[in-house]
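work.cif follows (mmCIF, C-alpha atoms):
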data_work
#
loop_
_atom_site.label_atom_id
_atom_site.label_comp_id
_atom_site.auth_asym_id
_atom_site.auth_seq_id
_atom_site.Cartn_x
_atom_site.Cartn_y
_atom_site.Cartn_z
CA MET A 25 21.41 -39.68 24.78
CA ILE A 26 21.59 -37.35 21.80
CA SER A 27 21.11 -33.66 22.56
CA LEU A 28 20.92 -30.51 20.43
CA VAL A 29 22.32 -27.45 22.18
CA VAL A 30 21.79 -23.99 20.68
CA THR A 31 22.95 -20.78 22.36
CA PRO A 32 21.24 -18.44 22.49
CA GLU A 33 17.83 -19.87 21.63
CA VAL A 34 16.35 -16.35 21.53
CA SER A 35 18.38 -13.76 19.65
CA LEU A 36 18.35 -10.87 17.26
CA ALA A 37 18.34 -11.85 13.61
CA ASP A 38 21.79 -10.32 13.04
CA GLU A 39 23.36 -12.28 15.92
CA ASN A 40 25.31 -15.50 15.47
CA VAL A 41 24.28 -18.60 17.39
CA ARG A 42 26.28 -21.67 18.37
CA VAL A 43 24.92 -25.09 17.39
CA ARG A 44 26.22 -28.35 18.93
CA VAL A 45 25.00 -31.95 18.72
CA CYS A 46 26.24 -34.18 21.55
CA GLY A 47 25.84 -37.85 22.47
CA LEU A 48 26.51 -39.25 19.00
CA GLN A 49 28.65 -42.25 18.16
CA PRO A 50 32.22 -41.35 17.12
CA GLN A 51 32.49 -40.65 13.39
CA GLN A 52 28.71 -40.79 12.98
CA LEU A 53 27.14 -39.26 9.89
CA ILE A 54 24.15 -36.98 10.58
CA THR A 55 21.97 -34.44 8.81
CA LEU A 56 21.21 -31.05 10.31
CA ARG A 57 18.13 -29.45 8.81
CA ALA A 58 16.76 -25.94 9.31
CA TRP A 59 13.40 -24.66 8.18
CA VAL A 60 11.15 -21.67 8.71
CA LYS A 61 7.77 -20.43 7.54
CA ASP A 62 7.42 -16.83 6.47
CA GLU A 63 4.38 -14.74 7.33
CA LYS A 64 2.52 -16.04 4.29
CA GLY A 65 3.16 -19.67 5.17
CA HIS A 66 5.89 -20.28 2.58
CA VAL A 67 8.55 -22.75 3.74
CA PHE A 68 12.31 -22.14 3.45
CA SER A 69 14.71 -24.95 4.33
CA SER A 70 18.35 -26.01 4.29
CA VAL A 71 20.37 -29.16 5.03
CA ALA A 72 23.99 -29.95 5.79
CA PHE A 73 25.75 -33.25 6.46
CA TYR A 74 28.24 -33.65 9.31
CA ILE A 75 30.46 -36.39 10.77
CA SER A 76 30.90 -36.34 14.55
CA ASP A 77 34.34 -36.21 16.16
CA THR A 78 35.92 -38.92 18.32
CA ASP A 79 33.86 -37.68 21.30
CA GLY A 80 30.60 -38.00 19.37
CA VAL A 81 30.16 -34.21 19.01
CA VAL A 82 29.26 -32.02 16.05
CA ASP A 83 30.06 -28.37 16.81
CA LEU A 84 29.30 -26.03 13.94
CA ASP A 85 31.97 -23.63 15.20
CA HIS A 86 34.61 -26.29 14.52
CA THR A 87 33.12 -29.19 12.53
CA PRO A 88 33.06 -28.84 8.73
CA ALA A 89 29.96 -29.70 6.74
CA VAL A 90 30.88 -32.49 4.34
CA GLY A 91 27.89 -32.05 2.03
CA GLY A 92 24.39 -30.70 1.64
CA ASN A 93 23.79 -27.04 0.77
CA TYR A 94 27.38 -26.07 1.59
CA LYS A 95 30.74 -27.51 2.66
CA GLY A 96 33.21 -26.29 5.26
CA ILE A 97 33.17 -24.65 8.67
CA TYR A 98 30.35 -22.11 8.62
CA PRO A 99 28.63 -21.77 12.01
CA MET A 100 25.67 -19.90 10.46
CA GLY A 101 25.58 -21.91 7.24
CA LEU A 102 22.17 -23.45 7.90
CA PHE A 103 20.69 -19.96 8.27
CA TRP A 104 22.50 -18.59 5.25
CA ALA A 105 21.40 -21.50 3.04
CA LEU A 106 17.67 -21.31 3.75
CA LYS A 107 15.96 -21.41 0.38
CA PRO A 108 12.32 -21.49 -0.65
CA VAL A 109 10.52 -24.75 -1.37
CA ASN A 110 8.59 -22.79 -4.02
CA PRO A 111 11.17 -21.10 -6.26
CA TYR A 112 11.88 -17.39 -6.55
CA LEU A 113 10.58 -16.30 -3.14
CA ARG A 114 12.54 -13.97 -0.86
CA LEU A 115 12.46 -14.36 2.91
CA ILE A 116 11.43 -10.93 4.23
CA LYS A 117 10.26 -10.09 7.75
CA ARG A 118 7.28 -7.78 7.47
CA ASP A 119 5.92 -7.56 11.01
CA VAL A 120 9.08 -6.80 12.94
CA MET A 121 7.34 -5.90 16.19
CA GLY A 122 4.75 -8.65 16.54
CA SER A 123 6.69 -11.89 16.27
CA PRO A 124 10.08 -13.40 15.40
CA PHE A 125 10.94 -15.90 12.76
CA TYR A 126 10.75 -19.34 14.36
CA ILE A 127 13.69 -21.33 13.01
CA ASN A 128 13.32 -25.10 13.39
CA LEU A 129 16.58 -27.02 13.76
CA GLU A 130 16.44 -30.80 13.42
CA VAL A 131 18.90 -33.69 13.72
CA TYR A 132 18.57 -36.87 11.62
CA LEU A 133 20.79 -39.93 11.87
CA TYR A 134 20.77 -40.47 8.12
CA LEU A 135 21.12 -38.40 4.94
CA ILE A 136 18.15 -36.20 4.07
CA LEU A 137 17.93 -36.04 0.31
CA SER A 138 14.29 -34.97 -0.01
CA SER A 139 12.19 -32.32 1.72
CA PRO A 140 10.28 -32.64 3.91
CA PRO A 141 11.76 -35.81 5.50
CA GLU A 142 9.50 -38.85 5.80
CA ASN A 143 10.44 -39.60 9.41
CA PRO A 144 10.50 -37.33 12.46
CA PRO A 145 13.86 -35.95 13.64
CA GLU A 146 15.92 -37.58 16.37
CA VAL A 147 15.95 -34.29 18.27
CA SER A 148 14.92 -30.72 17.46
CA LYS A 149 14.85 -27.13 18.73
CA VAL A 150 12.82 -24.05 17.81
CA LEU A 151 14.78 -20.80 17.84
CA GLU A 152 13.40 -17.28 17.98
CA ARG A 153 15.08 -14.80 15.64
CA TRP A 154 13.80 -11.31 16.43
CA TYR A 155 14.20 -8.16 14.33
CA VAL A 156 13.72 -5.81 17.26
CA ALA A 157 15.38 -5.74 20.69
CA PRO A 158 13.38 -5.31 23.90
CA GLY A 159 12.54 -1.67 24.52
CA VAL A 160 12.78 -0.48 20.91
CA LYS A 161 9.79 1.67 19.99
CA ARG A 162 8.14 1.88 16.59
CA ILE A 163 6.33 5.10 15.64
CA GLN A 164 4.22 5.20 12.49
CA ILE A 165 5.11 8.30 10.46
CA ARG A 166 2.39 10.16 8.59
CA GLU A 167 3.59 13.73 8.88
CA GLY A 168 3.25 16.15 5.99
CA ARG A 169 4.15 14.16 2.91
CA VAL A 170 6.45 11.77 4.74
CA ARG A 171 5.41 8.13 5.15
CA GLY A 172 7.36 5.51 7.04
CA ALA A 173 8.17 4.11 10.47
CA LEU A 174 10.60 5.50 13.03
CA PHE A 175 12.41 3.07 15.33
CA LEU A 176 13.91 4.45 18.53
CA PRO A 177 16.31 2.56 20.81
CA PRO A 178 15.50 2.17 24.50
CA GLY A 179 16.74 4.94 26.78
CA ASP A 180 16.82 8.72 26.69
CA GLY A 181 19.44 9.07 23.97
CA PRO A 182 20.17 11.15 22.06
CA PHE A 183 20.95 8.70 19.29
CA PRO A 184 22.43 9.19 15.81
CA GLY A 185 19.69 9.35 13.20
CA VAL A 186 19.66 7.27 10.02
CA ILE A 187 17.22 7.23 7.10
CA ASP A 188 16.81 3.73 5.67
CA MET A 189 15.50 3.03 2.15
CA PHE A 190 15.12 0.09 -0.18
CA GLY A 191 14.81 -0.04 -3.95
CA GLY A 192 12.55 -0.96 -6.81
CA ILE A 193 10.05 -3.16 -4.97
CA GLY A 194 8.55 -0.09 -3.30
CA GLY A 195 6.42 -0.19 -0.20
CA LEU A 196 7.87 -0.05 3.29
CA LEU A 197 10.45 -2.54 4.52
CA GLU A 198 11.35 -2.18 8.18
CA PHE A 199 13.66 -5.08 9.11
CA ARG A 200 16.93 -3.17 8.62
CA SER A 201 15.67 -0.14 10.54
CA SER A 202 14.45 -2.21 13.46
CA LEU A 203 17.84 -3.94 13.67
CA LEU A 204 19.66 -0.60 13.45
CA ALA A 205 17.54 0.69 16.33
CA SER A 206 18.39 -2.47 18.25
CA ARG A 207 22.04 -1.48 17.79
CA GLY A 208 21.61 2.09 19.02
CA PHE A 209 20.50 4.15 16.02
CA ALA A 210 17.30 6.15 15.62
CA SER A 211 16.29 4.75 12.24
CA LEU A 212 13.56 6.02 9.93
CA ALA A 213 12.37 3.36 7.49
CA LEU A 214 11.27 5.64 4.66
CA ALA A 215 8.77 4.75 1.94
CA TYR A 216 8.84 6.74 -1.28
CA PHE A 217 6.41 4.94 -3.59
CA ALA A 218 3.86 2.09 -3.63
CA TYR A 219 2.83 2.74 -0.03
CA GLU A 220 -0.36 4.26 1.42
CA ASP A 221 -1.10 7.52 -0.44
CA LEU A 222 2.29 7.73 -2.15
CA PRO A 223 2.40 7.17 -5.94
CA ASN A 224 1.99 3.57 -7.05
CA PHE A 225 4.98 3.86 -9.37
CA LEU A 226 8.19 5.83 -9.05
CA GLY A 227 8.09 8.77 -11.43
CA HIS A 228 9.78 12.13 -10.95
CA VAL A 229 12.02 12.19 -7.87
CA ASP A 230 11.54 15.37 -5.84
CA LEU A 231 14.37 15.59 -3.32
CA THR A 232 12.37 17.97 -1.12
CA TYR A 233 10.35 14.92 0.00
CA PHE A 234 13.55 13.34 1.31
CA GLU A 235 14.66 16.64 2.82
CA GLU A 236 11.35 16.80 4.68
CA ALA A 237 12.10 13.32 6.02
CA ALA A 238 15.59 14.40 7.17
CA GLU A 239 14.17 17.46 8.94
CA LEU A 240 11.50 15.33 10.59
CA LEU A 241 14.16 12.96 11.92
CA LEU A 242 16.43 15.77 13.13
CA LYS A 243 13.71 17.53 15.09
CA ASN A 244 13.00 14.43 17.16
CA PRO A 245 14.39 15.10 20.66
CA LYS A 246 15.99 11.65 20.79
CA VAL A 247 18.06 12.29 17.66
CA SER A 248 21.49 13.82 18.17
CA GLY A 249 23.66 16.11 16.13
CA ASP A 250 23.11 18.42 13.21
CA GLY A 251 22.89 15.83 10.48
CA VAL A 252 21.62 12.39 9.58
CA GLY A 253 22.93 9.29 7.92
CA VAL A 254 21.33 7.54 4.97
CA VAL A 255 21.56 3.88 3.99
CA ALA A 256 19.91 2.49 0.89
CA ILE A 257 20.19 -0.20 -1.77
CA CYS A 258 19.52 -0.35 -5.51
CA LYS A 259 17.32 2.54 -6.72
CA GLY A 260 17.23 3.79 -3.16
CA ALA A 261 21.05 4.04 -3.19
CA GLU A 262 20.83 6.26 -6.25
CA ILE A 263 18.46 8.57 -4.37
CA ALA A 264 20.69 8.36 -1.28
CA LEU A 265 23.66 9.58 -3.31
CA ALA A 266 21.55 12.48 -4.58
CA MET A 267 20.59 13.28 -0.99
CA ALA A 268 24.25 13.25 0.02
CA THR A 269 25.08 15.54 -2.88
CA TYR A 270 22.39 18.18 -2.43
CA LEU A 271 20.88 18.01 1.06
CA PRO A 272 22.83 19.84 3.79
CA GLN A 273 21.20 17.68 6.48
CA VAL A 274 23.04 14.54 5.30
CA LYS A 275 26.39 13.85 6.99
CA ALA A 276 27.05 10.20 6.17
CA THR A 277 25.75 8.00 3.36
CA VAL A 278 25.97 4.27 2.66
CA CYS A 279 25.10 3.28 -0.92
CA ILE A 280 24.65 -0.48 -1.34
CA ASN A 281 24.85 -1.67 -4.95
CA GLY A 282 23.65 1.51 -6.59
CA THR A 283 24.72 3.84 -9.39
CA ASN A 284 26.51 7.18 -9.64
CA ALA A 285 23.93 8.90 -11.85
CA ILE A 286 20.21 9.51 -12.18
CA ASN A 287 18.68 6.75 -14.28
CA GLY A 288 15.21 6.39 -15.74
CA ASN A 289 13.45 8.95 -13.60
CA SER A 290 14.10 12.68 -13.61
CA MET A 291 15.09 14.39 -10.35
CA SER A 292 14.84 17.93 -9.04
CA TYR A 293 15.80 19.95 -5.99
CA GLY A 294 15.15 23.68 -6.04
CA ASP A 295 16.88 25.08 -9.13
CA VAL A 296 18.59 21.75 -9.81
CA SER A 297 16.99 19.52 -12.42
CA LEU A 298 18.45 16.29 -13.78
CA CYS A 299 16.99 14.16 -16.55
CA GLY A 300 17.45 10.46 -15.99
CA ILE A 301 19.57 8.40 -18.35
CA PRO A 302 17.09 6.23 -20.28
CA TYR A 303 17.06 2.52 -19.54
CA HIS A 304 17.82 0.19 -22.44
CA ILE A 305 15.19 -2.40 -21.66
CA GLU A 306 15.87 -4.09 -25.01
CA ARG A 307 19.19 -5.25 -23.52
CA VAL A 308 17.54 -7.35 -20.82
CA THR A 309 18.86 -10.91 -20.69
CA VAL A 310 16.52 -13.86 -20.17
CA THR A 311 18.14 -17.15 -19.16
CA ASP A 312 17.10 -20.63 -20.24
CA ILE A 313 15.13 -21.03 -17.00
CA GLY A 314 13.16 -17.80 -17.53
CA VAL A 315 15.04 -15.47 -15.20
CA MET A 316 15.85 -11.85 -16.11
CA SER A 317 19.15 -10.03 -15.69
CA LEU A 318 19.01 -6.23 -15.89
CA SER A 319 22.72 -5.49 -15.54
CA ASP A 320 23.10 -4.48 -19.20
CA THR A 321 20.05 -2.22 -19.33
CA LEU A 322 21.83 0.81 -17.81
CA ALA A 323 23.66 3.04 -20.26
CA ASP A 324 27.39 3.75 -20.13
CA THR A 325 27.79 6.74 -17.82
CA ARG A 326 31.05 7.64 -19.58
CA ASP A 327 29.07 8.62 -22.68
CA PRO A 328 29.43 12.41 -23.13
CA ALA A 329 25.68 12.62 -23.75
CA HIS A 330 25.01 11.54 -20.15
CA GLN A 331 27.45 13.73 -18.23
CA ASP A 332 24.72 16.06 -16.99
CA CYS A 333 23.00 13.09 -15.34
CA ILE A 334 26.00 12.10 -13.21
CA LEU A 335 25.67 13.20 -9.59
CA PRO A 336 28.35 15.75 -8.56
CA LEU A 337 29.09 13.97 -5.29
CA GLU A 338 32.09 16.22 -4.70
CA LYS A 339 29.52 18.74 -3.41
CA ALA A 340 28.43 16.40 -0.62
CA ARG A 341 28.78 17.72 2.91
CA GLY A 342 29.63 14.38 4.46
CA SER A 343 31.34 11.05 3.94
CA ILE A 344 30.10 8.41 1.53
CA LEU A 345 30.63 4.64 1.65
CA PHE A 346 29.90 2.47 -1.38
CA ILE A 347 29.26 -1.19 -0.51
CA VAL A 348 29.39 -3.40 -3.58
CA GLY A 349 28.84 -7.04 -4.44
CA GLU A 350 31.18 -7.72 -7.33
CA GLU A 351 28.84 -10.34 -8.84
CA ASP A 352 25.80 -8.06 -8.76
CA GLN A 353 23.57 -9.11 -11.68
CA ASN A 354 21.16 -6.19 -11.32
CA TYR A 355 23.62 -3.29 -11.75
CA ASP A 356 27.27 -3.12 -12.69
CA SER A 357 27.66 -1.66 -9.22
CA LEU A 358 31.43 -1.99 -9.00
CA LYS A 359 31.93 0.07 -12.16
CA PHE A 360 29.60 2.81 -10.95
CA ALA A 361 31.25 2.94 -7.53
CA LYS A 362 34.74 3.12 -9.04
CA GLU A 363 33.63 5.98 -11.30
CA ALA A 364 32.19 7.81 -8.29
CA LEU A 365 35.37 7.28 -6.30
CA ALA A 366 37.54 8.53 -9.18
CA ARG A 367 35.38 11.64 -9.53
CA ALA A 368 35.62 12.36 -5.82
CA ARG A 369 39.42 12.02 -5.88
CA LYS A 370 39.66 14.23 -8.96
CA HIS A 371 37.85 17.00 -7.09
CA GLY A 372 39.87 16.57 -3.91
CA LYS A 373 37.10 14.92 -1.88
CA ASN A 374 38.83 12.23 0.16
CA ASN A 375 36.01 11.01 2.40
CA VAL A 376 34.46 8.75 -0.24
CA HIS A 377 35.19 5.07 0.30
CA LEU A 378 34.56 1.80 -1.51
CA LYS A 379 34.22 -1.63 0.08
CA SER A 380 33.69 -4.38 -2.49
CA PHE A 381 33.14 -8.09 -1.97
CA PRO A 382 34.16 -10.72 -4.55
CA ARG A 383 31.43 -13.24 -5.44
CA ALA A 384 28.75 -11.30 -3.53
CA GLY A 385 25.53 -10.35 -5.30
CA HIS A 386 23.01 -7.51 -5.25
CA LEU A 387 20.88 -8.18 -2.17
CA LEU A 388 23.38 -7.44 0.59
CA GLU A 389 21.27 -7.44 3.73
CA PRO A 390 21.86 -7.77 7.50
CA PRO A 391 23.68 -10.93 8.62
CA GLY A 392 21.54 -13.99 9.16
CA SER A 393 19.50 -13.10 6.06
CA PRO A 394 19.58 -16.12 3.73
CA PHE A 395 21.22 -15.84 0.35
CA CYS A 396 18.72 -14.86 -2.33
CA PRO A 397 20.21 -15.13 -5.84
CA VAL A 398 16.86 -14.85 -7.67
CA SER A 399 13.41 -13.60 -6.67
CA GLN A 400 10.17 -12.36 -8.12
CA SER A 401 9.57 -8.58 -8.29
CA PRO A 402 6.08 -7.05 -8.30
CA PHE A 403 7.01 -4.82 -11.24
CA PHE A 404 8.49 -7.40 -13.63
CA PRO A 405 6.87 -10.36 -15.40
CA LEU A 406 9.81 -12.69 -14.74
CA PRO A 407 11.99 -13.28 -11.67
CA LEU A 408 15.08 -11.08 -11.37
CA MET A 409 18.61 -12.39 -11.06
CA TRP A 410 20.54 -10.78 -8.18
CA GLY A 411 23.77 -12.77 -8.46
CA GLY A 412 26.41 -13.91 -6.02
CA GLU A 413 27.57 -17.14 -4.40
CA LEU A 414 26.17 -18.44 -1.11
CA LEU A 415 29.18 -18.44 1.23
CA ALA A 416 30.94 -15.38 -0.14
CA HIS A 417 27.71 -13.36 -0.22
CA CYS A 418 26.68 -14.18 3.33
CA SER A 419 30.18 -13.56 4.65
CA ALA A 420 29.99 -10.15 2.95
CA GLN A 421 26.71 -9.46 4.74
CA GLU A 422 28.36 -10.00 8.12
CA ILE A 423 31.36 -7.81 7.31
CA SER A 424 29.43 -4.99 5.63
CA TRP A 425 26.89 -4.82 8.48
CA ARG A 426 29.67 -4.15 10.98
CA GLU A 427 31.45 -1.70 8.72
CA MET A 428 28.26 0.25 8.03
CA GLN A 429 27.58 0.71 11.73
CA ASP A 430 31.20 1.73 12.38
CA PHE A 431 30.97 4.21 9.52
CA PHE A 432 27.85 5.84 10.95
CA ARG A 433 29.25 5.93 14.49
CA LYS A 434 32.39 7.65 13.26
CA ASN A 435 30.74 10.17 10.97
CA LEU A 436 27.61 11.04 12.91
CA ASN A 437 29.72 11.80 16.00
CA SER A 438 27.30 10.64 18.64
CA SER A 439 27.55 8.78 21.89
CA MET A 440 26.09 5.36 21.27
CA GLN A 441 23.87 3.44 23.61
CA SER A 442 23.82 0.08 21.89
CA LYS A 443 21.66 -2.41 23.69
CA LEU A 444 20.49 -5.90 22.91
#
In structure tokens, write the structure found in this file.
Amino acid sequence: MISLVVTPEVSLADENVRVRVCGLQPQQLITLRAWVKDEKGHVFSSVAFYISDTDGVVDLDHTPAVGGNYKGIYPMGLFWALKPVNPYLRLIKRDVMGSPFYINLEVYLYLILSSPPENPPEVSKVLERWYVAPGVKRIQIREGRVRGALFLPPGDGPFPGVIDMFGGIGGLLEFRSSLLASRGFASLALAYFAYEDLPNFLGHVDLTYFEEAAELLLKNPKVSGDGVGVVAICKGAEIALAMATYLPQVKATVCINGTNAINGNSMSYGDVSLCGIPYHIERVTVTDIGVMSLSDTLADTRDPAHQDCILPLEKARGSILFIVGEEDQNYDSLKFAKEALARARKHGKNNVHLKSFPRAGHLLEPPGSPFCPVSQSPFFPLPLMWGGELLAHCSAQEISWREMQDFFRKNLNSSMQSKL
């Protein structure tokens, strides 16, 4: 009798699972298919082809995929390779508290070359992939100007505090914060435009808004220490680097695929005022399939005319970690990070670090998140190209997620109570 064994069947979204198919004929060809519906009903699916061993077993920890969406031994490959049936959609968990993603795993005794399959699977399982651990609390934040959601781990704490921001899509994304809280951090998912009564579009960046958020986080009795961490991607990473540079409350900063200067928007903090380097939108590239690449639209930061826009990160109180996908098609993130690192070294600041990943793209997210090379943005008429290659990108997500947490644990100097 054929059986599909998955352990665990209920897990956090950043946790690996083990998938085994038993009871097959020796050297039998099968298809493993995964699919999930997002909260809007859009379907994402993946397939991989396997040949059982002499005992009639396919074990994704040891058995290589011989075809499908990937090849080789990748235990989480089916999760990594989930892609939308309707092109250019991104799988994002919005309601992190209310429900998990239900991942359907199916076994077929023949090759699946079309989706959905015409016949029912031989055997199947439904897995729960949660973005919040039991006991994590979510607190809606509407205090002063600050808008967001604070996630607190179970227990009395105190816990290291982290501000979590995303980039140019605006709004409030909570899935990284809820996972950070599940791993022992007090995490504030911070909105800064296109949310509630905040501006619909990002204009002038006033760092006092972000300082207010840092103070709000620090005054929470469950937050430890005298400083906070910041993690952000894209435009948010640019703001995070400015926070690290100018805000005394910031002790540790992770910039994921960002820049080393203020671009587009002006920024101010007290007596400090920086004009953003203008975007060169005329340099946008449109592919034959109607997808935009923005990587050439940022000006050369080595131009003497733009030196006043470069962030003097040598003034930062704390440590900074740049995480970079070397095939980022949104920014030339590796170049910007190398320039930032060189500037730090020139000024004798040695706690700035760079971790770069070959063949990884822009959207480096927590592990288990499927690879998204292209997706639609609410602020652009065409889909945006993010870049990267499936296996290298998703491997980078696993490594960078661990390194980010280690970086915060080391630099925020707190006793951790990590619970699942």
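For the pair atom CA of Lys246 of chain A and atom CA of Pro184 of chain A, the separation is 8.5 Å.
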Counting all atoms listed in the file, what is within 8 Å of segment 361-369 of chain A, bar same-chain residues fewer than 5 positions away, as a PDB file with C-alpha atoms, in the coordinates of the input?
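Writing the result to around_9.pdb gives the following:
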ATOM      1  CA  GLY A 282      23.650   1.510  -6.590  1.00  0.00           C
ATOM      2  CA  THR A 283      24.720   3.840  -9.390  1.00  0.00           C
ATOM      3  CA  ASN A 284      26.510   7.180  -9.640  1.00  0.00           C
ATOM      4  CA  LEU A 337      29.090  13.970  -5.290  1.00  0.00           C
ATOM      5  CA  GLU A 338      32.090  16.220  -4.700  1.00  0.00           C
ATOM      6  CA  PHE A 346      29.900   2.470  -1.380  1.00  0.00           C
ATOM      7  CA  VAL A 348      29.390  -3.400  -3.580  1.00  0.00           C
ATOM      8  CA  ASN A 374      38.830  12.230   0.160  1.00  0.00           C
ATOM      9  CA  VAL A 376      34.460   8.750  -0.240  1.00  0.00           C
ATOM     10  CA  HIS A 377      35.190   5.070   0.300  1.00  0.00           C
ATOM     11  CA  LEU A 378      34.560   1.800  -1.510  1.00  0.00           C
TER      12      LEU A 378
END
The PyMOL selection byres ((chain A and resi 314-328) around 8) on the file shown: which residues, as an NGL selection string? :A and (285 or 287 or 301-313 or 329-331 or 334 or 352-356 or 398 or 406-410)
Run the PyMOL selection byres ((chain A and resi 278-280) around 10) on the file and write out the hits as an MDAnalysis selection string. chainID A and resid 188 190 253:265 268 276:277 281:284 343:349 357 361 377:380 386:389 424 428:429 431:432
Write the residues of the selection above to a file with C-alpha atoms, as an mmCIF file, in the coordinates of the input.
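Result file is selection.cif:
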data_model
loop_
_atom_site.group_PDB
_atom_site.id
_atom_site.type_symbol
_atom_site.label_atom_id
_atom_site.label_comp_id
_atom_site.auth_asym_id
_atom_site.auth_seq_id
_atom_site.Cartn_x
_atom_site.Cartn_y
_atom_site.Cartn_z
ATOM 1 C CA ASP A 188 16.810 3.730 5.670
ATOM 2 C CA PHE A 190 15.120 0.090 -0.180
ATOM 3 C CA GLY A 253 22.930 9.290 7.920
ATOM 4 C CA VAL A 254 21.330 7.540 4.970
ATOM 5 C CA VAL A 255 21.560 3.880 3.990
ATOM 6 C CA ALA A 256 19.910 2.490 0.890
ATOM 7 C CA ILE A 257 20.190 -0.200 -1.770
ATOM 8 C CA CYS A 258 19.520 -0.350 -5.510
ATOM 9 C CA LYS A 259 17.320 2.540 -6.720
ATOM 10 C CA GLY A 260 17.230 3.790 -3.160
ATOM 11 C CA ALA A 261 21.050 4.040 -3.190
ATOM 12 C CA GLU A 262 20.830 6.260 -6.250
ATOM 13 C CA ILE A 263 18.460 8.570 -4.370
ATOM 14 C CA ALA A 264 20.690 8.360 -1.280
ATOM 15 C CA LEU A 265 23.660 9.580 -3.310
ATOM 16 C CA ALA A 268 24.250 13.250 0.020
ATOM 17 C CA ALA A 276 27.050 10.200 6.170
ATOM 18 C CA THR A 277 25.750 8.000 3.360
ATOM 19 C CA ASN A 281 24.850 -1.670 -4.950
ATOM 20 C CA GLY A 282 23.650 1.510 -6.590
ATOM 21 C CA THR A 283 24.720 3.840 -9.390
ATOM 22 C CA ASN A 284 26.510 7.180 -9.640
ATOM 23 C CA SER A 343 31.340 11.050 3.940
ATOM 24 C CA ILE A 344 30.100 8.410 1.530
ATOM 25 C CA LEU A 345 30.630 4.640 1.650
ATOM 26 C CA PHE A 346 29.900 2.470 -1.380
ATOM 27 C CA ILE A 347 29.260 -1.190 -0.510
ATOM 28 C CA VAL A 348 29.390 -3.400 -3.580
ATOM 29 C CA GLY A 349 28.840 -7.040 -4.440
ATOM 30 C CA SER A 357 27.660 -1.660 -9.220
ATOM 31 C CA ALA A 361 31.250 2.940 -7.530
ATOM 32 C CA HIS A 377 35.190 5.070 0.300
ATOM 33 C CA LEU A 378 34.560 1.800 -1.510
ATOM 34 C CA LYS A 379 34.220 -1.630 0.080
ATOM 35 C CA SER A 380 33.690 -4.380 -2.490
ATOM 36 C CA HIS A 386 23.010 -7.510 -5.250
ATOM 37 C CA LEU A 387 20.880 -8.180 -2.170
ATOM 38 C CA LEU A 388 23.380 -7.440 0.590
ATOM 39 C CA GLU A 389 21.270 -7.440 3.730
ATOM 40 C CA SER A 424 29.430 -4.990 5.630
ATOM 41 C CA MET A 428 28.260 0.250 8.030
ATOM 42 C CA GLN A 429 27.580 0.710 11.730
ATOM 43 C CA PHE A 431 30.970 4.210 9.520
ATOM 44 C CA PHE A 432 27.850 5.840 10.950
#
Let me know the residues the PyMOL selection byres ((chain A and resi 123) around 12) catches in the file above, as a PyMOL selection string. chain A and resi 34+36-37+62-63+117-122+124-126+152-157
Only C-alpha atoms, please: the residues just picked out, written as a compact mmCIF listing (two decimals), in the coordinates of the input.
# COMPACT_ATOMS: atom_id res chain seq x y z
CA VAL A 34 16.35 -16.35 21.53
CA LEU A 36 18.35 -10.87 17.26
CA ALA A 37 18.34 -11.85 13.61
CA ASP A 62 7.42 -16.83 6.47
CA GLU A 63 4.38 -14.74 7.33
CA LYS A 117 10.26 -10.09 7.75
CA ARG A 118 7.28 -7.78 7.47
CA ASP A 119 5.92 -7.56 11.01
CA VAL A 120 9.08 -6.80 12.94
CA MET A 121 7.34 -5.90 16.19
CA GLY A 122 4.75 -8.65 16.54
CA PRO A 124 10.08 -13.40 15.40
CA PHE A 125 10.94 -15.90 12.76
CA TYR A 126 10.75 -19.34 14.36
CA GLU A 152 13.40 -17.28 17.98
CA ARG A 153 15.08 -14.80 15.64
CA TRP A 154 13.80 -11.31 16.43
CA TYR A 155 14.20 -8.16 14.33
CA VAL A 156 13.72 -5.81 17.26
CA ALA A 157 15.38 -5.74 20.69
When you look at Val296 of chain A with a cut-off of 12 Å (counting all atoms listed in the file), what residues show up, excluding the ones that are within fewer than 4 positions of it in the same chain? I need them as a PDB file with C-alpha atoms, in the frame of the given file.
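Wrote result_19.pdb, looks like this:
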ATOM      1  CA  VAL A 229      12.020  12.190  -7.870  1.00  0.00           C
ATOM      2  CA  ASP A 230      11.540  15.370  -5.840  1.00  0.00           C
ATOM      3  CA  LEU A 231      14.370  15.590  -3.320  1.00  0.00           C
ATOM      4  CA  THR A 232      12.370  17.970  -1.120  1.00  0.00           C
ATOM      5  CA  ALA A 266      21.550  12.480  -4.580  1.00  0.00           C
ATOM      6  CA  THR A 269      25.080  15.540  -2.880  1.00  0.00           C
ATOM      7  CA  TYR A 270      22.390  18.180  -2.430  1.00  0.00           C
ATOM      8  CA  LEU A 271      20.880  18.010   1.060  1.00  0.00           C
ATOM      9  CA  SER A 290      14.100  12.680 -13.610  1.00  0.00           C
ATOM     10  CA  MET A 291      15.090  14.390 -10.350  1.00  0.00           C
ATOM     11  CA  SER A 292      14.840  17.930  -9.040  1.00  0.00           C
ATOM     12  CA  ASP A 332      24.720  16.060 -16.990  1.00  0.00           C
ATOM     13  CA  CYS A 333      23.000  13.090 -15.340  1.00  0.00           C
ATOM     14  CA  LEU A 335      25.670  13.200  -9.590  1.00  0.00           C
ATOM     15  CA  PRO A 336      28.350  15.750  -8.560  1.00  0.00           C
TER      16      PRO A 336
END
Can you list, as a PyMOL selection string, every protein, DNA or RNA residue that comes within 8 Å of segment 202-214 of chain A when you count all atoms listed in the file, leaving out same-chain residues fewer than 6 positions away? chain A and resi 36-38+120+155-157+160+170-177+183-189+196+237+241+246-247+440-444
